[in-house]
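Asker: One structure, pasted below without further comment.
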Amino acid sequence: MKTITMKFGGTSVGSPEAIANVVNIVKVCREEGNRVIVVVSAMSGVTDQLLNSAKMAASGNKWGYLSTSEKLRDRHEDTLNLLVPPGSVREKTFSQIKSLLEEYVEICHAVSILGEETPRISDSIVAYGERLSSRIVAAALKAQSVEAAAFDAGDFIVTDDRFQSASPLWDETQARIDGKLVPSLVEGVTPVITGFIGATRTGTITTLGRGGSDYSGAIFAAGTNSDELVIWTDVDGVMTTDPRVDKRARVLPYVSYQEVGELAFYGAKVLHPKTVQPVLDKAIPIRVRNTFNPTYPGTLIGETGEPSETVIKAVTSIKKVSLLTVSGKGMIGVPGIAGRTFHATASAGASILMISQSSSEQSFCFLVTDGTADAVKESIEIQLASEIATRDIDRVDIRSDVVIITAVGAGMSGTPGVAGRVFSTMGNNRINVVAIAQGSSECSISFVVAEADLERAVIALHDLALESVPA
Ligand code: ADP
Ligand code: ASP
Ligand code: MG
């Protein structure tokens with residue numbers, strides 16, 4: 001008997017029709033003799049609505065969050081009515097939805113009185129999205145005679161208290177999964193668990209970061225020693241590029257953990273960048289499949305790299321990034337400037353997406369997300385104040401009209417001339433390359449171009465990737 005963990009994203013649970021597909025997928029998998037664990041996102045759009053309502057509450061906009069609550073109630077109740085016939089399952093789920101939304105309104109009232117929204121409160125508010133959808137999916141399964149039960153992931157995933165981007169405490173999480181989740185699996189129940197959320201040791205709700213339900217799926221797959229993790233989404237698999245940027249994008253039948261890790265880190269929204277981490281050691285295969293095209297096999301993600309002839313497998317981009325440049329003639333040979341700069345960046349709470357240094361050592365640059373750039377600049381200027389005063393460092397510049405483009409493929413390191421091809425393609429298209437990543441990983445090349453060149457750069461590089469993937 002195999003154990004399969006399935007994660008369904010926001011669009012996959014976003015309508016009654018979509019949830020009906022989810023029910024079929026789970027049913028078929030159980031009928032094939034497997035144990036199934038289901039992890040769900042909030043219905044599409046709900047997470048954004050909830051985050052917005054927390055802001056409305058903090059600014060005293062009572063009408064705003066009450067109206068969100070009404071909209072959420074209507075959408076969830078209508079969905080339930082279409083999926084579950086009148087009777088005890090419907091009634092019970094109905095009252096669960098009602099009391100969850102009442103709790104949500106209570107918290108919003110408290111926020112509006114305090115006039116302040118903290119990351120901790122925001123996590124409690126945003127968690128209602130998954131808490132609502134999980135109840136509905138469990139009820140829809142029960143209505144089709146599948147033994148299912150809804151669970152809040154806070155019962156299992158114990159995290160630190162870095163609200164909005166919490167990390168699991170693995171040993172405690174494993175103990176909870178063994179003690180509380182596995183027994184119900186063994187009894188034949190299909191648990192329907194909220195993605196995205198966890199809880200601290202003391203039970204306060206945390207979240208794993210936007211798009212984090214994929215990560216939740218991987219945590220449960222690893223914790224239950226699943227034979228496979230299936231990420232059910234709204235496209236046919238991991239593609240050569242974002243199909244919204246270039247319609248010619250094709251599904252990749254196979255990618256390695258390392259390749260998909262690079263793709264996700266450098267902007268491919270299809271998987272959360274941390275998804276690979278929990279399943280890597282156990283070599284649990286991941287499949288990315290389309291809820292709306294369930295017979296299509298999708299993309300398999302596994303251990304081995306498969307260098308392909310043309311090497312570039314996929315192209316991604318990240319918007320909303322800023323390029324910070326630290327420059328000055330006095331930097332030559334002065335040890336520690338880079339180290340102190342990165343230390344200052346970390347203490348401003350930012351993480352670095354890419355680093356590049358010119359060989360002359362008169363400047364180096366790196367990229368952070370737009371939201372953190374000003375704080376990072378300020379922190380560096382404080383850290384390097386004495387070098388700035390003596391003019392050893394001229395300035396710290398921010399440029400925010402840029403994007404990062406990344407080409408991914410396992411064969412890159414061993415193939416001379418790949419970088420040459422990438423950059424001559426940019427040159428042929430008259431796209432100016434602002435910076436190139438130094439010491440990038442073996443299977444990706446990243447570089448920076450002006451935001452206005454994003455689409456042209458992706459499409460030009462994508463031409464190279466399409467050469468290797470059969471139509
Ligand atoms: P879910 O709600 O199922 O988690 P997401 O919206 O988070 O789905 O991720 C799926 C979306 O990722 C797709 O609809 C697609 O537009 C986008 N995407 C970006 N890059 C890629 C890529 N390389 N391959 C497939 N999808 C991609
Ligand atoms: N609902 C959360 C989000 O929209 C988590 C997820 O869907 O993965 O970010
Ligand atoms: Mg997602």
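By convention in this document, the chains of the structure tokens carry letters A, B, ... by their order, each chain's residues are numbered from 1, and ligands are numbered from 1 in the order they are shown.
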Using the chain letters and numbers from this document, which residues of stretch 72-290 of chain A does DSSP assign to strand (DSSP E), as a ChimeraX atom specification?
Answerer: /A:148-151,190-194,197-199,205-207,228-233,254-256,286-290
Asker: Would you mind listing what lies within 10 Å of A:Val422 as a ChimeraX atom specification, with only C-alpha atoms counted and same-chain residues fewer than 5 positions away left out?
Answerer: /A:312,407,417,427,445,447,457,460-461,464
Asker: Taking only C-alpha atoms and all ligand atoms into account, produce a table as a Markdown table in which each residue of chain A with an atom at most 12 Å from an atom of ligand 3 appears once, together with its shortest atom pair and the distance in Å to one decimal, ordered by chain and rising number.
Answerer:
```
| residue | atom | partner | partner_atom_place_in_ligand_line | distance |
| --- | --- | --- | --- | --- |
| A:Lys7 | CA | ligand 3 | 1 (Mg) | 9.8 |
| A:Phe8 | CA | ligand 3 | 1 (Mg) | 9.0 |
| A:Gly9 | CA | ligand 3 | 1 (Mg) | 5.9 |
| A:Gly10 | CA | ligand 3 | 1 (Mg) | 7.3 |
| A:Thr11 | CA | ligand 3 | 1 (Mg) | 9.2 |
| A:Ser12 | CA | ligand 3 | 1 (Mg) | 10.4 |
| A:Val40 | CA | ligand 3 | 1 (Mg) | 10.6 |
| A:Ser41 | CA | ligand 3 | 1 (Mg) | 8.3 |
| A:Ala42 | CA | ligand 3 | 1 (Mg) | 10.5 |
| A:Met43 | CA | ligand 3 | 1 (Mg) | 11.6 |
| A:Ser44 | CA | ligand 3 | 1 (Mg) | 10.0 |
| A:Gly45 | CA | ligand 3 | 1 (Mg) | 11.7 |
| A:Thr47 | CA | ligand 3 | 1 (Mg) | 11.6 |
| A:Gly195 | CA | ligand 3 | 1 (Mg) | 10.5 |
| A:Phe196 | CA | ligand 3 | 1 (Mg) | 10.0 |
| A:Gly209 | CA | ligand 3 | 1 (Mg) | 10.7 |
| A:Arg210 | CA | ligand 3 | 1 (Mg) | 8.0 |
| A:Gly211 | CA | ligand 3 | 1 (Mg) | 4.5 |
| A:Gly212 | CA | ligand 3 | 1 (Mg) | 7.1 |
| A:Ser213 | CA | ligand 3 | 1 (Mg) | 6.9 |
| A:Asp214 | CA | ligand 3 | 1 (Mg) | 6.5 |
| A:Tyr215 | CA | ligand 3 | 1 (Mg) | 9.5 |
| A:Ser216 | CA | ligand 3 | 1 (Mg) | 11.1 |
| A:Gly217 | CA | ligand 3 | 1 (Mg) | 11.1 |
| A:Ile231 | CA | ligand 3 | 1 (Mg) | 9.1 |
| A:Trp232 | CA | ligand 3 | 1 (Mg) | 9.6 |
| A:Thr233 | CA | ligand 3 | 1 (Mg) | 7.6 |
| A:Asp234 | CA | ligand 3 | 1 (Mg) | 9.5 |
| A:Val235 | CA | ligand 3 | 1 (Mg) | 11.1 |
| A:Ala264 | CA | ligand 3 | 1 (Mg) | 10.5 |
| A:Gly267 | CA | ligand 3 | 1 (Mg) | 11.6 |
| A:Ala268 | CA | ligand 3 | 1 (Mg) | 9.7 |
| A:Lys269 | CA | ligand 3 | 1 (Mg) | 6.2 |
| A:Val270 | CA | ligand 3 | 1 (Mg) | 5.7 |
| A:Leu271 | CA | ligand 3 | 1 (Mg) | 5.9 |
| A:His272 | CA | ligand 3 | 1 (Mg) | 6.5 |
| A:Pro273 | CA | ligand 3 | 1 (Mg) | 10.2 |
| A:Lys274 | CA | ligand 3 | 1 (Mg) | 11.7 |
| A:Thr275 | CA | ligand 3 | 1 (Mg) | 10.5 |
| A:Val288 | CA | ligand 3 | 1 (Mg) | 11.2 |
```
Asker: I need the chosen residues saved as a compact mmCIF listing (two decimals), in the first residue's frame, with N, CA and C atoms.
Answerer:
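What landed in selection-v3.txt:
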```txt
# COMPACT_ATOMS: atom_id res chain seq x y z
N LYS A 7 -1.22 17.96 -2.62
CA LYS A 7 -1.51 19.35 -2.27
C LYS A 7 -2.30 20.00 -3.41
N PHE A 8 -3.40 20.62 -3.06
CA PHE A 8 -4.22 21.30 -4.06
C PHE A 8 -4.14 22.81 -3.84
N GLY A 9 -3.78 23.55 -4.89
CA GLY A 9 -3.61 25.00 -4.79
C GLY A 9 -4.93 25.75 -4.84
N GLY A 10 -4.81 27.09 -4.78
CA GLY A 10 -5.99 27.96 -4.66
C GLY A 10 -7.00 27.80 -5.79
N THR A 11 -6.52 27.72 -7.04
CA THR A 11 -7.47 27.58 -8.16
C THR A 11 -8.10 26.19 -8.11
N SER A 12 -7.33 25.20 -7.64
CA SER A 12 -7.83 23.82 -7.60
C SER A 12 -8.95 23.63 -6.57
N VAL A 40 -4.59 21.47 1.55
CA VAL A 40 -5.27 22.45 0.68
C VAL A 40 -4.87 23.89 0.96
N SER A 41 -4.89 24.69 -0.11
CA SER A 41 -4.76 26.14 -0.01
C SER A 41 -6.14 26.74 0.27
N ALA A 42 -6.15 28.03 0.52
CA ALA A 42 -7.41 28.77 0.58
C ALA A 42 -7.98 28.86 -0.83
N MET A 43 -9.29 29.06 -0.94
CA MET A 43 -9.89 29.27 -2.27
C MET A 43 -9.20 30.48 -2.91
N SER A 44 -9.03 30.42 -4.24
CA SER A 44 -8.24 31.46 -4.92
C SER A 44 -8.72 32.87 -4.57
N GLY A 45 -7.81 33.74 -4.29
CA GLY A 45 -8.14 35.15 -3.99
C GLY A 45 -8.41 35.41 -2.51
N THR A 47 -6.76 34.57 0.30
CA THR A 47 -5.62 35.02 1.11
C THR A 47 -5.42 36.53 0.95
N GLY A 195 -3.03 23.89 4.31
CA GLY A 195 -1.67 24.25 3.92
C GLY A 195 -1.31 25.57 4.55
N PHE A 196 -0.06 26.02 4.36
CA PHE A 196 0.33 27.40 4.66
C PHE A 196 0.54 27.70 6.13
N GLY A 209 4.77 31.62 4.91
CA GLY A 209 5.13 32.53 3.81
C GLY A 209 4.19 32.32 2.63
N ARG A 210 4.03 33.39 1.81
CA ARG A 210 3.11 33.30 0.68
C ARG A 210 3.45 32.13 -0.23
N GLY A 211 2.44 31.46 -0.69
CA GLY A 211 2.65 30.29 -1.54
C GLY A 211 3.13 29.07 -0.76
N GLY A 212 3.09 29.16 0.57
CA GLY A 212 3.70 28.14 1.41
C GLY A 212 2.98 26.80 1.51
N SER A 213 1.81 26.68 0.89
CA SER A 213 1.11 25.38 0.97
C SER A 213 1.89 24.26 0.29
N ASP A 214 2.67 24.61 -0.73
CA ASP A 214 3.51 23.58 -1.37
C ASP A 214 4.50 23.03 -0.34
N TYR A 215 5.05 23.95 0.44
CA TYR A 215 6.00 23.56 1.49
C TYR A 215 5.30 22.68 2.52
N SER A 216 4.06 23.06 2.90
CA SER A 216 3.29 22.22 3.83
C SER A 216 3.14 20.83 3.27
N GLY A 217 2.80 20.74 1.98
CA GLY A 217 2.63 19.43 1.35
C GLY A 217 3.90 18.60 1.51
N ILE A 231 1.79 17.81 -6.41
CA ILE A 231 1.35 19.20 -6.33
C ILE A 231 0.34 19.40 -7.45
N TRP A 232 -0.93 19.44 -7.07
CA TRP A 232 -1.99 19.64 -8.07
C TRP A 232 -2.22 21.13 -8.23
N THR A 233 -2.10 21.65 -9.48
CA THR A 233 -2.21 23.09 -9.68
C THR A 233 -3.05 23.38 -10.92
N ASP A 234 -2.85 24.56 -11.52
CA ASP A 234 -3.72 24.94 -12.64
C ASP A 234 -2.99 24.95 -13.98
N VAL A 235 -1.79 24.37 -14.02
CA VAL A 235 -1.09 24.19 -15.31
C VAL A 235 -0.62 22.73 -15.37
N ALA A 264 12.43 27.75 -8.75
CA ALA A 264 11.51 28.32 -7.76
C ALA A 264 12.15 29.53 -7.09
N GLY A 267 11.99 32.68 -9.19
CA GLY A 267 10.73 33.30 -9.60
C GLY A 267 9.65 32.43 -10.21
N ALA A 268 9.90 31.12 -10.48
CA ALA A 268 8.81 30.32 -11.05
C ALA A 268 7.80 30.02 -9.96
N LYS A 269 6.63 30.64 -10.07
CA LYS A 269 5.65 30.59 -8.98
C LYS A 269 5.07 29.19 -8.79
N VAL A 270 5.28 28.33 -9.76
CA VAL A 270 4.61 27.03 -9.72
C VAL A 270 4.94 26.20 -8.47
N LEU A 271 6.10 26.42 -7.88
CA LEU A 271 6.45 25.73 -6.62
C LEU A 271 7.08 26.73 -5.65
N HIS A 272 6.74 26.59 -4.37
CA HIS A 272 7.40 27.42 -3.35
C HIS A 272 8.87 26.97 -3.24
N PRO A 273 9.80 27.93 -3.14
CA PRO A 273 11.23 27.55 -3.14
C PRO A 273 11.63 26.54 -2.07
N LYS A 274 10.90 26.47 -0.97
CA LYS A 274 11.32 25.52 0.09
C LYS A 274 10.76 24.11 -0.11
N THR A 275 9.94 23.92 -1.12
CA THR A 275 9.24 22.64 -1.27
C THR A 275 10.17 21.43 -1.31
N VAL A 288 4.18 17.39 -10.44
CA VAL A 288 3.35 18.59 -10.57
C VAL A 288 2.32 18.30 -11.64
```
Asker: Excluding stretch 74-91 of chain A and residues on its chain fewer than 6 positions from it, collect all residues at most 9 Å away from it, counting only C-alpha atoms, and give them as a PyMOL selection string.
Answerer: chain A and resi 15-17+19-20+43+97+132-133+136-137+139-144
Asker: Env of A:Ile121: 9 Å cut, atoms = only C-alpha atoms, seq-sep filter 3 positions within chain, self excluded. Answer as a list in words.
Answerer: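 So the residues in contact are Ala54, Ile107, Val111, Glu117, Thr118, Ser124, Ile125, Val126, Phe163 and Ile205 of chain A.
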Asker: Among stretch 28-168 of chain A, which residues does DSSP mark as helix (DSSP H, G or I) when it is run on the backbone? Keep the chain and numbering as in the structure and answer as a PyMOL selection string.
Answerer: chain A and resi 28-31+46-58+62-83+88-114+119-126+128-143+153-155
Asker: If you measure from atom CA of A:Asp463 to atom CA of A:Leu353, what distance in Å do you get, rounded to one decimal?
Answerer: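 Calculated distance between atom CA of A:Asp463 and atom CA of A:Leu353 is 25.1 Å.
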Asker: At a cut-off of 9 Å, using only C-alpha atoms, what residues contact A:Arg162? Leave out same-chain residues fewer than 6 positions from it and give the result as a ChimeraX atom specification.
Answerer: /A:119-120,206-208
Asker: Could you work out how far atom CA of A:Val260 lies from atom CA of A:Ile286, giving the answer in Å with one decimal?
Answerer: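 Interatomic distance, atom CA of A:Ile286 to atom CA of A:Val260: 10.4 Å.
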Asker: In Å, rounded to a single decimal, give me how far atom CA of A:Gly305 is from atom CA of A:Gly411.
Answerer: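 Computed distance, atom CA of A:Gly411 to atom CA of A:Gly305, equals 8.0 Å.
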Asker: I'd like the contact shell of A:Val458 - 12 Å cut-off, only C-alpha atoms, skipping same-chain residues fewer than 3 positions apart - returned as a PDB file with C-alpha atoms, in the first residue's frame.
Answerer:
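out_34.pdb written:
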```
ATOM      1  CA  THR A 240       9.975  25.959 -19.927  1.00  0.00           C
ATOM      2  CA  THR A 241       8.857  29.406 -18.790  1.00  0.00           C
ATOM      3  CA  ASP A 242       5.865  31.105 -17.185  1.00  0.00           C
ATOM      4  CA  PRO A 243       3.057  30.511 -19.710  1.00  0.00           C
ATOM      5  CA  ARG A 244       1.713  33.961 -18.874  1.00  0.00           C
ATOM      6  CA  VAL A 245       4.914  35.528 -20.215  1.00  0.00           C
ATOM      7  CA  ASP A 246       5.306  33.314 -23.295  1.00  0.00           C
ATOM      8  CA  LYS A 247       2.420  31.210 -24.578  1.00  0.00           C
ATOM      9  CA  ARG A 248       4.817  28.852 -26.321  1.00  0.00           C
ATOM     10  CA  ALA A 249       5.876  27.426 -22.924  1.00  0.00           C
ATOM     11  CA  ALA A 314      13.796  26.766 -18.478  1.00  0.00           C
ATOM     12  CA  VAL A 315      13.790  30.533 -18.063  1.00  0.00           C
ATOM     13  CA  THR A 316      12.419  32.518 -15.155  1.00  0.00           C
ATOM     14  CA  SER A 317      12.301  36.116 -14.029  1.00  0.00           C
ATOM     15  CA  ILE A 318      11.806  38.038 -10.802  1.00  0.00           C
ATOM     16  CA  VAL A 403      14.599  42.469 -13.006  1.00  0.00           C
ATOM     17  CA  ILE A 404      16.540  39.234 -12.617  1.00  0.00           C
ATOM     18  CA  ILE A 405      16.447  36.740 -15.487  1.00  0.00           C
ATOM     19  CA  THR A 406      17.615  33.176 -14.851  1.00  0.00           C
ATOM     20  CA  ALA A 407      18.317  30.315 -17.230  1.00  0.00           C
ATOM     21  CA  VAL A 422      23.056  33.335 -23.289  1.00  0.00           C
ATOM     22  CA  THR A 425      21.460  36.148 -27.448  1.00  0.00           C
ATOM     23  CA  MET A 426      20.975  39.223 -25.271  1.00  0.00           C
ATOM     24  CA  ASN A 429      18.473  41.416 -29.218  1.00  0.00           C
ATOM     25  CA  ILE A 431      19.338  43.994 -24.481  1.00  0.00           C
ATOM     26  CA  SER A 446      21.327  34.731 -13.515  1.00  0.00           C
ATOM     27  CA  PHE A 447      21.685  38.255 -14.773  1.00  0.00           C
ATOM     28  CA  VAL A 448      20.032  41.646 -14.420  1.00  0.00           C
ATOM     29  CA  VAL A 449      18.333  43.678 -17.157  1.00  0.00           C
ATOM     30  CA  GLU A 451      12.531  46.021 -16.329  1.00  0.00           C
ATOM     31  CA  ALA A 452      11.442  47.315 -19.736  1.00  0.00           C
ATOM     32  CA  ASP A 453      13.464  44.503 -21.361  1.00  0.00           C
ATOM     33  CA  LEU A 454      11.955  41.673 -19.292  1.00  0.00           C
ATOM     34  CA  GLU A 455       9.624  40.180 -21.857  1.00  0.00           C
ATOM     35  CA  LEU A 461      16.237  32.986 -24.005  1.00  0.00           C
ATOM     36  CA  HIS A 462      13.142  30.828 -24.137  1.00  0.00           C
ATOM     37  CA  ASP A 463      13.871  30.236 -27.820  1.00  0.00           C
ATOM     38  CA  LEU A 464      17.022  28.439 -26.681  1.00  0.00           C
ATOM     39  CA  ALA A 465      15.114  26.335 -24.134  1.00  0.00           C
ATOM     40  CA  LEU A 466      12.441  25.354 -26.671  1.00  0.00           C
TER      41      LEU A 466
END
```
Asker: Could you give me, as a PyMOL selection string, the residues within 10 Å of A:Leu169, counting only C-alpha atoms and dropping anything in the same chain fewer than 2 positions from it?
Answerer: chain A and resi 157-160+166-167+171-174+200-201
Asker: Kindly save the residues from that selection, with N, CA, C and O atoms included, as an mmCIF file, in the first residue's frame.
Answerer:
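Generated file (selection_23.cif):
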```
data_model
loop_
_atom_site.group_PDB
_atom_site.id
_atom_site.type_symbol
_atom_site.label_atom_id
_atom_site.label_comp_id
_atom_site.auth_asym_id
_atom_site.auth_seq_id
_atom_site.Cartn_x
_atom_site.Cartn_y
_atom_site.Cartn_z
ATOM 1 N N ILE A 157 2.234 20.902 12.617
ATOM 2 C CA ILE A 157 3.479 21.605 12.264
ATOM 3 C C ILE A 157 3.824 22.606 13.367
ATOM 4 O O ILE A 157 3.157 23.631 13.523
ATOM 5 N N VAL A 158 4.852 22.252 14.147
ATOM 6 C CA VAL A 158 5.293 23.147 15.224
ATOM 7 C C VAL A 158 6.384 24.033 14.619
ATOM 8 O O VAL A 158 7.313 23.536 13.980
ATOM 9 N N THR A 159 6.250 25.346 14.793
ATOM 10 C CA THR A 159 7.221 26.263 14.160
ATOM 11 C C THR A 159 7.841 27.198 15.193
ATOM 12 O O THR A 159 7.373 27.299 16.330
ATOM 13 N N ASP A 160 8.867 27.920 14.740
ATOM 14 C CA ASP A 160 9.398 29.025 15.544
ATOM 15 C C ASP A 160 8.388 30.176 15.470
ATOM 16 O O ASP A 160 7.326 30.036 14.856
ATOM 17 N N ALA A 166 7.458 31.481 9.084
ATOM 18 C CA ALA A 166 7.926 30.606 10.156
ATOM 19 C C ALA A 166 8.613 29.365 9.593
ATOM 20 O O ALA A 166 8.359 28.956 8.459
ATOM 21 N N SER A 167 9.500 28.780 10.401
ATOM 22 C CA SER A 167 10.175 27.542 10.001
ATOM 23 C C SER A 167 9.766 26.422 10.944
ATOM 24 O O SER A 167 9.654 26.625 12.157
ATOM 25 N N ASP A 171 11.802 17.975 14.867
ATOM 26 C CA ASP A 171 11.584 16.837 15.759
ATOM 27 C C ASP A 171 10.183 16.867 16.365
ATOM 28 O O ASP A 171 9.482 15.854 16.415
ATOM 29 N N GLU A 172 9.806 18.070 16.800
ATOM 30 C CA GLU A 172 8.475 18.170 17.410
ATOM 31 C C GLU A 172 7.372 17.935 16.385
ATOM 32 O O GLU A 172 6.349 17.310 16.673
ATOM 33 N N THR A 173 7.600 18.426 15.183
ATOM 34 C CA THR A 173 6.611 18.213 14.120
ATOM 35 C C THR A 173 6.474 16.723 13.823
ATOM 36 O O THR A 173 5.364 16.182 13.724
ATOM 37 N N GLN A 174 7.619 16.048 13.724
ATOM 38 C CA GLN A 174 7.586 14.607 13.440
ATOM 39 C C GLN A 174 6.823 13.862 14.535
ATOM 40 O O GLN A 174 5.999 12.980 14.253
ATOM 41 N N THR A 200 3.099 27.862 16.913
ATOM 42 C CA THR A 200 4.249 27.809 17.824
ATOM 43 C C THR A 200 3.996 26.732 18.874
ATOM 44 O O THR A 200 2.892 26.201 18.979
ATOM 45 N N ARG A 201 5.020 26.452 19.686
ATOM 46 C CA ARG A 201 4.864 25.468 20.769
ATOM 47 C C ARG A 201 3.688 25.795 21.671
ATOM 48 O O ARG A 201 3.038 24.917 22.204
#
```
Asker: Calculated over only C-alpha atoms and all ligand atoms, which of the candidates A:Ser386, A:Gln164, A:Thr341, A:Thr291 has the smallest distance to ligand 1?
Answerer: A:Thr291
Asker: Pick the closest to ligand 1 from A:Gln258, A:Asn52, A:Asn290, A:Ser134: which is it, counting only C-alpha atoms and all ligand atoms?
Answerer: A:Asn290
Asker: Measuring between only C-alpha atoms and all ligand atoms, which one of A:Thr415, A:Ser165, A:Asn432, A:Asn21 shows the shortest distance to ligand 2?
Answerer: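 Under the stated criterion, the closest residue is A:Ser165.
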Asker: Given the choices A:Met1, A:Ala435, A:Leu252, A:Val334, which gets closest to ligand 1 if the distance is worked out from only C-alpha atoms and all ligand atoms?
Answerer: A:Leu252
